[in-house]
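Colleague: Encoded as structure tokens, here's the structure I'll be asking about.
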Amino acid sequence: MSWLPATAGGATPLDRVFGLRPDLYEPFRAFYAVFWSDRLLEPVVLELARLRVAQLLRCESEQQVRYAPALDAGLTEEQIARLPDWPRDSAFTDAQRAALAFAEQFVLDPHGIDDDCRDAVIDHLERPGLVALCEALALFDGFCRFRTILGVEAPGAVQTVPAPAAAMSLA
Amino acid sequence: MPARHPIRGDVLALQPEASARFWRLYGQLWAHGVLDHGIKEVARLRNARITDCGY
């Protein structure tokens, strides 16, 4: 339960916190959903980047969520469990590795993203993919901090949910 | 010829639908809300300084 003295209604802990600002929550959901609805990035790459950001920021509520398109595309719980060791683990493809290296540096120090790190993402995802990854990482990074600071409650167990949609609650 | 916005015109144009939705959220954040503009601007500039973002 969030420490906030009053929360909004809604089906999920994020609804009950972000729902306090419905004028922002609605366009936020529309923006968030576009990464899945328009498939701006391959769903496993997107999910691995989201979960790695959540791990680095120790955001429990974000780490407990799985978006179904990534699982449908082949991502497994075993691979997610191995995510912290991705640099030494052959379970990750070159495209996933490029995105994960970029994601980690994005969180830790964006000035540390050098030409090689950037170009590896472009090689695998092309330039629109790089832009999409930056936008997605900005959302993941910012809203892990949002969840942590406002005490958005984490589910008691991992939960798989459909792809985000503008008209739906967000887990 | 009008100058192009350096972010909107070049970088974000590579993802036009995401860009449109971002600007709708960002516009809502600035145009409405319970925080006055001075607080939002100070927070924005402080965040830019901490992350050494010259833009």
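Letters for chains follow the order of the structure tokens (A, B, ...), residue numbers begin at 1 for each chain, and ligand numbers begin at 1 in the order shown.
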Using only C-alpha atoms, I'd like every residue of chain A that has an atom within 9 Å of chain B; please write them out as an MDAnalysis selection string.

Modeller: chainID A and resid 21 23:28 30:32 34:35 38 40 109:111 127:129 131:132 135

Colleague: Next, the residues of the selection above should be written as a short mmCIF file (atom, residue, chain, number, x, y, z; two decimals), in the first residue's frame with C-alpha atoms.

Modeller:
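Written output follows (out.cif):
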data_model
loop_
_atom_site.label_atom_id
_atom_site.label_comp_id
_atom_site.auth_asym_id
_atom_site.auth_seq_id
_atom_site.Cartn_x
_atom_site.Cartn_y
_atom_site.Cartn_z
CA ARG A 21 -3.77 12.86 -11.63
CA ASP A 23 -5.34 14.31 -16.65
CA LEU A 24 -1.76 12.99 -16.77
CA TYR A 25 -2.44 9.28 -16.35
CA GLU A 26 -4.52 9.06 -19.52
CA PRO A 27 -1.93 10.54 -21.92
CA PHE A 28 0.79 8.62 -20.08
CA ALA A 30 -1.44 6.31 -24.43
CA PHE A 31 2.29 7.05 -24.74
CA TYR A 32 3.35 3.94 -22.85
CA VAL A 34 2.50 2.74 -28.28
CA PHE A 35 5.71 0.75 -27.75
CA ASP A 38 2.93 -0.22 -32.82
CA LEU A 40 8.34 -0.01 -32.00
CA ASP A 109 25.47 7.50 -16.72
CA PRO A 110 24.16 8.51 -20.15
CA HIS A 111 27.38 10.38 -20.90
CA ARG A 127 18.04 4.41 -36.14
CA PRO A 128 14.28 4.45 -35.46
CA GLY A 129 14.87 1.57 -33.07
CA VAL A 131 15.12 6.45 -30.82
CA ALA A 132 12.38 4.09 -29.64
CA GLU A 135 12.16 6.85 -25.33
#

Colleague: Can you list every residue in chain B that DSSP puts in alpha helix (DSSP H), as a VMD selection string?

Modeller: chain B and resid 16 to 31 37 to 50

Colleague: Only N, CA and C atoms, please: the residues just picked out, written as a compact mmCIF listing (two decimals), in the first residue's frame.

Modeller:
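As written to disk, part-v2.txt reads:
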# COMPACT_ATOMS: atom_id res chain seq x y z
N PRO B 16 7.30 8.90 -35.34
CA PRO B 16 6.27 9.96 -35.32
C PRO B 16 5.10 9.69 -34.39
N GLU B 17 4.62 8.46 -34.31
CA GLU B 17 3.47 8.20 -33.44
C GLU B 17 3.86 8.33 -31.97
N ALA B 18 5.02 7.81 -31.62
CA ALA B 18 5.50 7.96 -30.24
C ALA B 18 5.73 9.43 -29.93
N SER B 19 6.26 10.15 -30.90
CA SER B 19 6.51 11.57 -30.71
C SER B 19 5.20 12.32 -30.44
N ALA B 20 4.18 12.01 -31.24
CA ALA B 20 2.88 12.69 -31.06
C ALA B 20 2.32 12.44 -29.67
N ARG B 21 2.45 11.20 -29.21
CA ARG B 21 1.89 10.87 -27.89
C ARG B 21 2.74 11.48 -26.78
N PHE B 22 4.05 11.53 -27.00
CA PHE B 22 4.91 12.18 -26.01
C PHE B 22 4.54 13.65 -25.85
N TRP B 23 4.38 14.34 -26.98
CA TRP B 23 4.10 15.78 -26.90
C TRP B 23 2.74 16.05 -26.27
N ARG B 24 1.79 15.12 -26.47
CA ARG B 24 0.49 15.30 -25.83
C ARG B 24 0.63 15.19 -24.31
N LEU B 25 1.42 14.22 -23.85
CA LEU B 25 1.66 14.08 -22.41
C LEU B 25 2.44 15.28 -21.87
N TYR B 26 3.48 15.65 -22.59
CA TYR B 26 4.34 16.74 -22.12
C TYR B 26 3.57 18.06 -22.09
N GLY B 27 2.75 18.26 -23.11
CA GLY B 27 1.93 19.48 -23.14
C GLY B 27 0.94 19.53 -22.00
N GLN B 28 0.37 18.39 -21.70
CA GLN B 28 -0.57 18.33 -20.57
C GLN B 28 0.15 18.65 -19.26
N LEU B 29 1.35 18.13 -19.14
CA LEU B 29 2.14 18.36 -17.93
C LEU B 29 2.41 19.85 -17.72
N TRP B 30 2.69 20.55 -18.81
CA TRP B 30 3.04 21.96 -18.68
C TRP B 30 1.84 22.88 -18.65
N ALA B 31 0.79 22.50 -19.36
CA ALA B 31 -0.34 23.41 -19.50
C ALA B 31 -1.33 23.34 -18.35
N HIS B 37 4.15 27.02 -12.66
CA HIS B 37 5.17 26.88 -13.70
C HIS B 37 6.58 27.10 -13.18
N GLY B 38 6.71 27.97 -12.19
CA GLY B 38 8.04 28.22 -11.64
C GLY B 38 8.64 26.97 -11.02
N ILE B 39 7.85 26.22 -10.29
CA ILE B 39 8.36 24.99 -9.67
C ILE B 39 8.73 23.97 -10.74
N LYS B 40 7.88 23.83 -11.74
CA LYS B 40 8.19 22.88 -12.81
C LYS B 40 9.48 23.27 -13.53
N GLU B 41 9.66 24.55 -13.79
CA GLU B 41 10.84 24.99 -14.53
C GLU B 41 12.11 24.81 -13.70
N VAL B 42 12.03 25.13 -12.42
CA VAL B 42 13.19 24.92 -11.55
C VAL B 42 13.56 23.44 -11.50
N ALA B 43 12.56 22.58 -11.37
CA ALA B 43 12.82 21.14 -11.32
C ALA B 43 13.42 20.66 -12.65
N ARG B 44 12.89 21.16 -13.76
CA ARG B 44 13.41 20.75 -15.07
C ARG B 44 14.87 21.16 -15.24
N LEU B 45 15.17 22.42 -14.86
CA LEU B 45 16.53 22.91 -15.04
C LEU B 45 17.50 22.22 -14.08
N ARG B 46 17.05 21.95 -12.87
CA ARG B 46 17.92 21.27 -11.91
C ARG B 46 18.22 19.85 -12.39
N ASN B 47 17.21 19.18 -12.91
CA ASN B 47 17.40 17.84 -13.45
C ASN B 47 18.38 17.87 -14.62
N ALA B 48 18.24 18.88 -15.49
CA ALA B 48 19.15 18.99 -16.63
C ALA B 48 20.58 19.24 -16.15
N ARG B 49 20.72 20.03 -15.11
CA ARG B 49 22.07 20.33 -14.62
C ARG B 49 22.70 19.09 -13.99
N ILE B 50 21.93 18.35 -13.22
CA ILE B 50 22.47 17.16 -12.56
C ILE B 50 22.90 16.12 -13.59

Colleague: By how many Å are atom CA of Cys144 of chain A and atom CA of Glu77 of chain A apart?

Modeller: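 Separation of atom CA of Cys144 of chain A and atom CA of Glu77 of chain A: 20.7 Å.
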
Colleague: Mind giving me the straight-line distance from atom CA of Ala163 of chain A to atom CA of Ala68 of chain A in Å, one decimal?

Modeller: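 Value for the atom CA of Ala163 of chain A-atom CA of Ala68 of chain A distance: 6.2 Å.
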
Colleague: Which one is closest to Val45 of chain A: A:Gly112, A:Pro5, A:Gly74, A:Gly19? Count only C-alpha atoms.

Modeller: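 Counting only C-alpha atoms, the residue closest to Val45 of chain A is A:Gly74.
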
Colleague: What does the distance from atom CA of Ala98 of chain A to atom CA of Val121 of chain A come to in Å, to one decimal?

Modeller: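 Pair atom CA of Ala98 of chain A / atom CA of Val121 of chain A returns 5.3 Å.
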